[in-house]
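The next block is work08.txt, given as compact mmCIF, C-alpha atoms.
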```txt
# COMPACT_ATOMS: atom_id res chain seq x y z
CA MET A 1 -34.68 54.17 22.10
CA ASN A 2 -38.20 53.46 21.01
CA SER A 3 -37.78 51.71 17.72
CA PRO A 4 -40.61 49.76 16.12
CA LEU A 5 -38.07 46.96 15.80
CA VAL A 6 -38.08 46.51 19.55
CA SER A 7 -41.72 45.53 19.78
CA ALA A 8 -41.44 43.42 16.63
CA ASN A 9 -38.73 41.35 18.22
CA PRO A 10 -39.62 39.24 21.21
CA SER A 11 -36.13 39.23 22.67
CA ARG A 12 -33.91 42.17 23.22
CA ARG A 13 -30.87 40.12 22.25
CA ASP A 14 -32.44 39.23 18.95
CA PHE A 15 -33.12 42.86 18.41
CA LEU A 16 -29.53 43.80 19.13
CA ILE A 17 -28.21 41.24 16.70
CA THR A 18 -30.69 42.25 14.05
CA ALA A 19 -29.92 45.90 14.57
CA SER A 20 -26.19 45.45 14.19
CA SER A 21 -26.37 43.08 11.25
CA VAL A 22 -28.68 45.26 9.21
CA GLY A 23 -26.71 48.31 10.22
CA VAL A 24 -29.52 50.51 11.41
CA GLY A 25 -28.54 53.91 12.76
CA LEU A 26 -29.24 52.84 16.29
CA SER A 27 -26.01 51.52 17.73
CA VAL A 28 -25.96 49.29 20.75
CA SER A 29 -23.27 48.18 23.05
CA GLY A 30 -22.40 44.71 21.78
CA ALA A 31 -19.78 45.99 19.39
CA LEU A 32 -18.47 48.50 21.88
CA THR A 33 -18.17 45.86 24.57
CA ARG A 34 -16.12 43.71 22.23
CA VAL A 35 -13.87 46.62 21.33
CA LEU A 36 -13.28 47.39 24.98
CA ALA A 37 -12.61 43.78 25.88
CA ALA A 38 -9.66 43.73 23.52
CA GLN A 39 -7.71 46.40 25.33
CA LYS A 40 -8.92 47.03 28.83
CA SER A 41 -6.72 46.79 31.90
CA ASP A 42 -7.70 44.51 34.79
CA ASP A 43 -8.68 47.53 36.86
CA PHE A 44 -10.86 48.84 34.05
CA LYS A 45 -12.43 45.44 33.51
CA ALA A 46 -13.29 45.16 37.20
CA ALA A 47 -14.77 48.66 37.30
CA TYR A 48 -16.69 48.15 34.06
CA ASP A 49 -18.10 44.79 35.11
CA ALA A 50 -19.12 46.10 38.52
CA LEU A 51 -21.03 48.93 36.90
CA THR A 52 -22.71 47.17 34.02
CA LYS A 53 -23.31 43.73 35.58
CA ASP A 54 -25.49 41.99 32.99
CA ALA A 55 -27.04 45.17 31.60
CA GLN A 56 -26.67 46.27 28.01
CA PRO A 57 -25.64 49.93 28.08
CA ILE A 58 -27.13 52.08 25.34
CA GLU A 59 -24.92 54.15 23.09
CA ASP A 60 -25.48 57.55 21.48
CA LYS A 61 -27.00 59.16 24.55
CA ILE A 62 -23.79 60.57 26.03
CA LYS A 63 -21.76 63.13 24.17
CA LEU A 64 -18.14 62.77 25.27
CA GLU A 65 -15.79 65.40 23.92
CA ILE A 66 -12.01 65.08 24.22
CA ASP A 67 -9.41 66.06 21.64
CA ALA A 68 -8.40 63.00 19.63
CA TYR A 69 -4.72 63.84 19.93
CA ILE A 70 -3.20 65.09 23.20
CA GLU A 71 0.37 66.38 23.61
CA ASN A 72 0.44 66.30 27.40
CA GLY A 73 -1.44 63.61 29.30
CA ASN A 74 -1.18 65.56 32.56
CA MET A 75 -3.98 67.86 31.60
CA VAL A 76 -6.64 66.53 29.27
CA PHE A 77 -9.81 68.58 28.94
CA TYR A 78 -13.05 66.65 28.73
CA ARG A 79 -16.68 67.67 28.40
CA LEU A 80 -19.61 65.30 28.58
CA SER A 81 -23.35 65.66 28.51
CA VAL A 82 -26.14 63.13 28.76
CA ASP A 83 -29.23 63.46 26.60
CA HIS A 84 -31.91 62.61 29.15
CA ALA A 85 -34.63 64.28 31.23
CA MET A 86 -33.74 65.78 34.61
CA GLU A 87 -37.09 65.51 36.36
CA PRO A 88 -37.72 64.32 39.93
CA ASN A 89 -39.08 60.94 38.78
CA ASP A 90 -36.64 60.40 35.92
CA TYR A 91 -33.13 61.80 35.83
CA VAL A 92 -29.49 60.90 35.35
CA LYS A 93 -28.32 59.91 38.77
CA ARG A 94 -24.63 59.33 38.23
CA VAL A 95 -21.96 59.43 35.57
CA HIS A 96 -18.75 57.44 35.88
CA LEU A 97 -15.67 58.58 34.00
CA LEU A 98 -13.31 55.66 33.38
CA SER A 99 -9.96 55.20 31.69
CA THR A 100 -9.03 51.88 30.10
CA GLU A 101 -5.26 52.12 30.63
CA ASN A 102 -4.56 54.39 33.63
CA PRO A 103 -3.19 52.74 36.81
CA PHE A 104 -6.60 53.47 38.36
CA ALA A 105 -9.50 53.10 35.98
CA ARG A 106 -11.96 55.20 37.94
CA VAL A 107 -11.17 58.82 37.17
CA ALA A 108 -14.24 60.48 38.65
CA ARG A 109 -17.86 59.96 39.54
CA PHE A 110 -20.46 62.70 39.23
CA ASN A 111 -23.68 62.61 41.22
CA PHE A 112 -26.57 64.65 39.85
CA THR A 113 -29.97 65.65 41.18
CA PRO A 114 -33.08 66.87 39.34
CA GLN A 115 -31.96 70.32 40.51
CA SER A 116 -28.86 69.92 38.33
CA GLY A 117 -31.01 70.77 35.30
CA ARG A 118 -28.52 69.15 32.95
CA ALA A 119 -26.40 66.04 33.41
CA ALA A 120 -23.31 67.66 31.98
CA VAL A 121 -19.83 68.32 33.33
CA ALA A 122 -16.44 69.42 32.15
CA GLY A 123 -13.02 69.09 33.75
CA ARG A 124 -9.44 68.01 33.25
CA MET A 125 -8.09 64.52 33.61
CA ARG A 126 -4.80 62.63 33.41
CA LEU A 127 -4.11 60.01 30.78
CA ALA A 128 -1.10 57.73 31.25
CA LYS A 129 -0.99 56.73 27.60
CA THR A 130 -3.03 56.35 24.45
CA GLN A 131 -6.31 54.71 25.41
CA ASN A 132 -10.08 54.84 25.47
CA VAL A 133 -11.95 57.10 27.86
CA VAL A 134 -15.33 55.69 28.79
CA ALA A 135 -18.35 57.42 30.35
CA ILE A 136 -21.20 55.41 31.86
CA ALA A 137 -24.43 57.06 33.01
CA GLU A 138 -26.82 55.52 35.54
CA LEU A 139 -30.47 56.50 35.36
CA SER A 140 -32.73 57.06 38.35
CA SER A 141 -35.38 54.89 36.69
CA ALA A 142 -33.13 51.83 36.88
CA GLU A 143 -35.65 49.78 38.86
CA THR A 144 -38.61 50.41 36.60
CA SER A 145 -37.09 50.73 33.16
CA ALA A 146 -35.19 48.43 30.87
CA ALA A 147 -32.90 51.30 29.97
CA ARG A 148 -30.57 51.42 32.91
CA LEU A 149 -27.23 52.58 31.56
CA TYR A 150 -25.86 54.79 28.84
CA ILE A 151 -22.31 54.51 27.59
CA ALA A 152 -19.89 56.46 25.41
CA LYS A 153 -16.25 56.05 24.62
CA ARG A 154 -13.60 58.19 23.04
CA TYR A 155 -10.22 57.00 21.77
CA VAL A 156 -7.49 59.48 22.70
CA GLN A 157 -3.91 59.39 21.45
CA VAL A 158 -1.46 60.70 24.03
CA ALA A 159 2.06 61.85 23.10
CA ILE A 160 3.48 62.25 26.63
CA GLY A 161 1.77 60.26 29.37
CA GLY A 162 0.51 61.96 32.48
CA CYS A 163 0.65 59.31 35.18
CA GLU A 164 4.03 57.57 35.11
CA THR A 165 6.34 60.32 36.30
CA MET B 166 -3.24 76.02 52.90
CA THR B 167 -4.57 76.55 49.49
CA ALA B 168 -5.35 79.69 47.54
CA LYS B 169 -8.92 80.85 47.23
CA PRO B 170 -10.97 78.96 44.66
CA ARG B 171 -12.10 80.77 41.53
CA ILE B 172 -15.80 80.48 40.76
CA LYS B 173 -17.60 81.73 37.70
CA LEU B 174 -21.37 82.18 37.54
CA PRO B 175 -23.55 84.14 35.14
CA GLU B 176 -23.84 87.74 36.34
CA ALA B 177 -27.61 87.52 36.39
CA MET B 178 -30.04 84.65 36.03
CA LYS B 179 -33.78 84.03 35.96
CA VAL B 180 -35.88 81.56 37.91
CA GLY B 181 -36.20 78.37 35.90
CA GLU B 182 -32.97 78.93 33.99
CA THR B 183 -30.24 76.29 34.01
CA ILE B 184 -26.85 77.89 34.55
CA GLU B 185 -23.30 76.64 34.21
CA VAL B 186 -21.08 76.89 37.28
CA LYS B 187 -17.32 76.80 36.75
CA ALA B 188 -14.98 76.29 39.68
CA LEU B 189 -11.22 76.04 39.88
CA VAL B 190 -9.13 75.32 42.94
CA ARG B 191 -5.37 75.09 43.35
CA HIS B 192 -4.26 71.66 44.50
CA PRO B 193 -1.36 69.35 43.52
CA MET B 194 -3.62 66.24 43.33
CA GLU B 195 -0.59 64.18 44.42
CA ARG B 196 -1.07 60.62 43.14
CA GLY B 197 0.87 58.79 45.84
CA TYR B 198 3.44 56.99 43.75
CA ARG B 199 5.78 59.75 42.69
CA LYS B 200 9.23 59.90 44.34
CA ASP B 201 10.86 63.01 45.73
CA ALA B 202 14.53 63.96 45.13
CA GLN B 203 15.61 61.61 47.95
CA GLY B 204 13.77 58.70 46.41
CA LYS B 205 11.03 58.67 49.02
CA THR B 206 7.47 58.16 47.90
CA ILE B 207 5.38 61.31 48.16
CA PRO B 208 2.16 60.36 50.00
CA ARG B 209 -1.10 60.53 48.11
CA ASN B 210 -3.00 63.76 48.64
CA ILE B 211 -5.87 64.44 46.31
CA ILE B 212 -9.14 66.29 46.60
CA HIS B 213 -11.46 63.30 46.76
CA THR B 214 -14.76 65.09 47.18
CA PHE B 215 -16.35 68.17 45.67
CA THR B 216 -19.85 69.24 46.68
CA ALA B 217 -22.31 71.95 45.62
CA ASP B 218 -25.20 72.91 47.89
CA LEU B 219 -27.90 75.50 47.29
CA ASP B 220 -29.25 76.85 50.59
CA GLY B 221 -28.16 73.65 52.29
CA ALA B 222 -29.64 71.25 49.73
CA ARG B 223 -27.27 69.15 47.64
CA VAL B 224 -27.48 69.85 43.92
CA PHE B 225 -24.34 68.15 42.64
CA ASP B 226 -21.28 66.39 43.92
CA ALA B 227 -18.27 64.67 42.46
CA GLU B 228 -15.80 62.05 43.69
CA PHE B 229 -12.33 62.35 42.26
CA GLY B 230 -9.63 59.72 41.84
CA THR B 231 -5.94 60.15 41.07
CA GLY B 232 -6.84 60.48 37.38
CA VAL B 233 -8.14 64.01 37.92
CA ALA B 234 -5.55 66.60 36.89
CA ALA B 235 -3.82 68.98 39.29
CA ASN B 236 -5.66 72.21 40.09
CA PRO B 237 -9.00 70.56 39.47
CA PHE B 238 -11.45 72.44 37.29
CA MET B 239 -15.09 71.49 37.47
CA SER B 240 -17.98 72.70 35.37
CA PHE B 241 -21.51 71.60 36.19
CA TYR B 242 -25.06 72.85 35.85
CA LEU B 243 -27.70 74.10 38.21
CA ARG B 244 -31.40 74.81 37.69
CA VAL B 245 -32.24 78.07 39.42
CA SER B 246 -35.45 77.66 41.41
CA GLN B 247 -35.08 80.67 43.69
CA PRO B 248 -32.49 83.17 44.88
CA GLY B 249 -30.06 81.55 47.24
CA ILE B 250 -26.51 80.91 48.31
CA LEU B 251 -24.44 78.37 46.45
CA LYS B 252 -21.82 76.73 48.62
CA LEU B 253 -18.95 74.80 47.08
CA THR B 254 -16.69 72.55 49.14
CA TRP B 255 -13.52 70.64 48.30
CA ILE B 256 -12.05 68.06 50.72
CA ASP B 257 -8.59 66.50 50.37
CA ASP B 258 -6.86 63.42 51.84
CA THR B 259 -5.25 65.42 54.66
CA GLY B 260 -8.67 66.60 55.78
CA VAL B 261 -8.27 70.14 54.48
CA LYS B 262 -11.64 71.57 53.55
CA ILE B 263 -11.84 74.48 51.14
CA GLU B 264 -15.16 76.30 51.12
CA ALA B 265 -16.59 79.12 49.06
CA GLU B 266 -20.01 80.73 48.85
CA ARG B 267 -21.67 82.80 46.16
CA GLN B 268 -25.01 84.54 46.11
CA LEU B 269 -27.08 83.70 43.03
CA ASN B 270 -28.11 86.97 41.43
CA VAL B 271 -31.67 86.15 40.41
CA VAL B 272 -33.46 88.89 38.49
CA ALA B 273 -37.13 89.16 37.60
```

Final structure tokens representation of the file:
Amino acid sequence: MNSPLVSANPSRRDFLITASSVGVGLSVSGALTRVLAAQKSDDFKAAYDALTKDAQPIEDKIKLEIDAYIENGNMVFYRLSVDHAMEPNDYVKRVHLLSTENPFARVARFNFTPQSGRAAVAGRMRLAKTQNVVAIAELSSAETSAARLYIAKRYVQVAIGGCET
Amino acid sequence: MTAKPRIKLPEAMKVGETIEVKALVRHPMERGYRKDAQGKTIPRNIIHTFTADLDGARVFDAEFGTGVAANPFMSFYLRVSQPGILKLTWIDDTGVKIEAERQLNVVA
């Protein structure tokens, strides 16, 4: 996310506010965080807070694909891919797949290596009810770079829940 | 015991190529809070760990929770650096370990 706005603004927070108020194409997590806060379960909140700490996750770098309307929450296909290098000194280390309303928020955690070539996975998950699915990616360059986390969410409507039976 | 996993790889691949690996294993992924016909809770038994190693070196692994669907399917990617043997392993709560190996068919 190398926008000229970043260097023009002394503080990242100022930049975020400016970016969202002028509606530039670059979306950042402030709005997403507020959306999530309105509906997340305690377990999700704990998992989310533990992962993000005080970092501002960056949007638009993870593509998270799930059908918007699911008949059967027992088997929900997902596919996600992270748009980032996979080189020994800079790669996507881990992706967390979270659910905002399942009894257990942490669905799965994927650990990549530079040898992975692509930080992308697909699988099938359970969704107890209509909710957001959230993916958070951790970068290997966390110590040296301001960009530490990527985030994506997908709202999925579920007709028949897959966790309560 | 569990049926043999199903693994899908490209039939042939080149050095430097990134390939998709698809793997499916049969497992109930029992969540631990369902009741049986007698009203007794069925103990949790899920595959909690999936690993992929190429000639003994870890390339990818995944940790699953109860939110992963039964008969877990996993697709991931692998950059082919040399011919080798890809070993996939699934481990469940009862300690059962399911293992499968495939030779990567690397062509010039």

_Contact residues around Ala235 in chain B with all atoms listed in the file at 10 Å, ignoring same-chain residues under 3 positions, as a ChimeraX atom specification_ = /A:74-75,124-126 /B:190-196,211-212,231-232,238

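Relative to CA of Asn111 in chain A, CA of Ile136 in chain A is found at 12.1 Å.
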
_Spatial neighbours of Leu253 in chain B, 8 Å, only C-alpha atoms, chain gap at least 3 places, as a ChimeraX atom specification_ = /B:215-218,264-266

Dump of C-alpha atoms for the selected residues, as a PDB file, in the frame of the given file:
```
ATOM      1  CA  PHE B 215     -16.350  68.170  45.670  1.00  0.00           C
ATOM      2  CA  THR B 216     -19.850  69.240  46.680  1.00  0.00           C
ATOM      3  CA  ALA B 217     -22.310  71.950  45.620  1.00  0.00           C
ATOM      4  CA  ASP B 218     -25.200  72.910  47.890  1.00  0.00           C
ATOM      5  CA  GLU B 264     -15.160  76.300  51.120  1.00  0.00           C
ATOM      6  CA  ALA B 265     -16.590  79.120  49.060  1.00  0.00           C
ATOM      7  CA  GLU B 266     -20.010  80.730  48.850  1.00  0.00           C
TER       8      GLU B 266
END
```

*Identify every residue of chain B that has at least one atom within 9 Å of any atom of chain A, counting all atoms listed in the file, and report the result as number ranges by chain.*
B: 182-184, 187, 196, 198-200, 223-246

Which polymer residues have any atom within 7 Å of an atom of range 65-71 of chain A, counting all atoms listed in the file, with same-chain residues fewer than 6 positions away left out, as a compact mmCIF listing (two decimals) with C-alpha atoms, keeping the file's coordinate frame?
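Final output, saved to part.txt:
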```txt
# COMPACT_ATOMS: atom_id res chain seq x y z
CA PHE A 77 -9.81 68.58 28.94
CA TYR A 78 -13.05 66.65 28.73
CA ARG A 79 -16.68 67.67 28.40
CA LEU A 80 -19.61 65.30 28.58
CA TYR A 155 -10.22 57.00 21.77
CA VAL A 156 -7.49 59.48 22.70
CA GLN A 157 -3.91 59.39 21.45
CA VAL A 158 -1.46 60.70 24.03
CA ALA A 159 2.06 61.85 23.10
CA ILE A 160 3.48 62.25 26.63
```

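The closest residue to Ile62 in chain A, picked from A:Val134, A:Val82, A:Ala142, A:Leu149 and counting only C-alpha atoms, is A:Val82.
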
How big is the axis-aligned box, and where does its centre sit, when it encloses all atoms of range 252-255 of chain B listed in the file and has 6 Å added on every side, reported in Å to one decimal as AutoDock Vina command-line options?
```
--center_x -17.7 --center_y 73.7 --center_z 48.1 --size_x 20.3 --size_y 18.1 --size_z 14.1
```

*asked:* Would you compute the distance between CA of Lys53 in chain A and CA of Lys129 in chain A? Give it in Å to one decimal.
replied: 27.0 Å
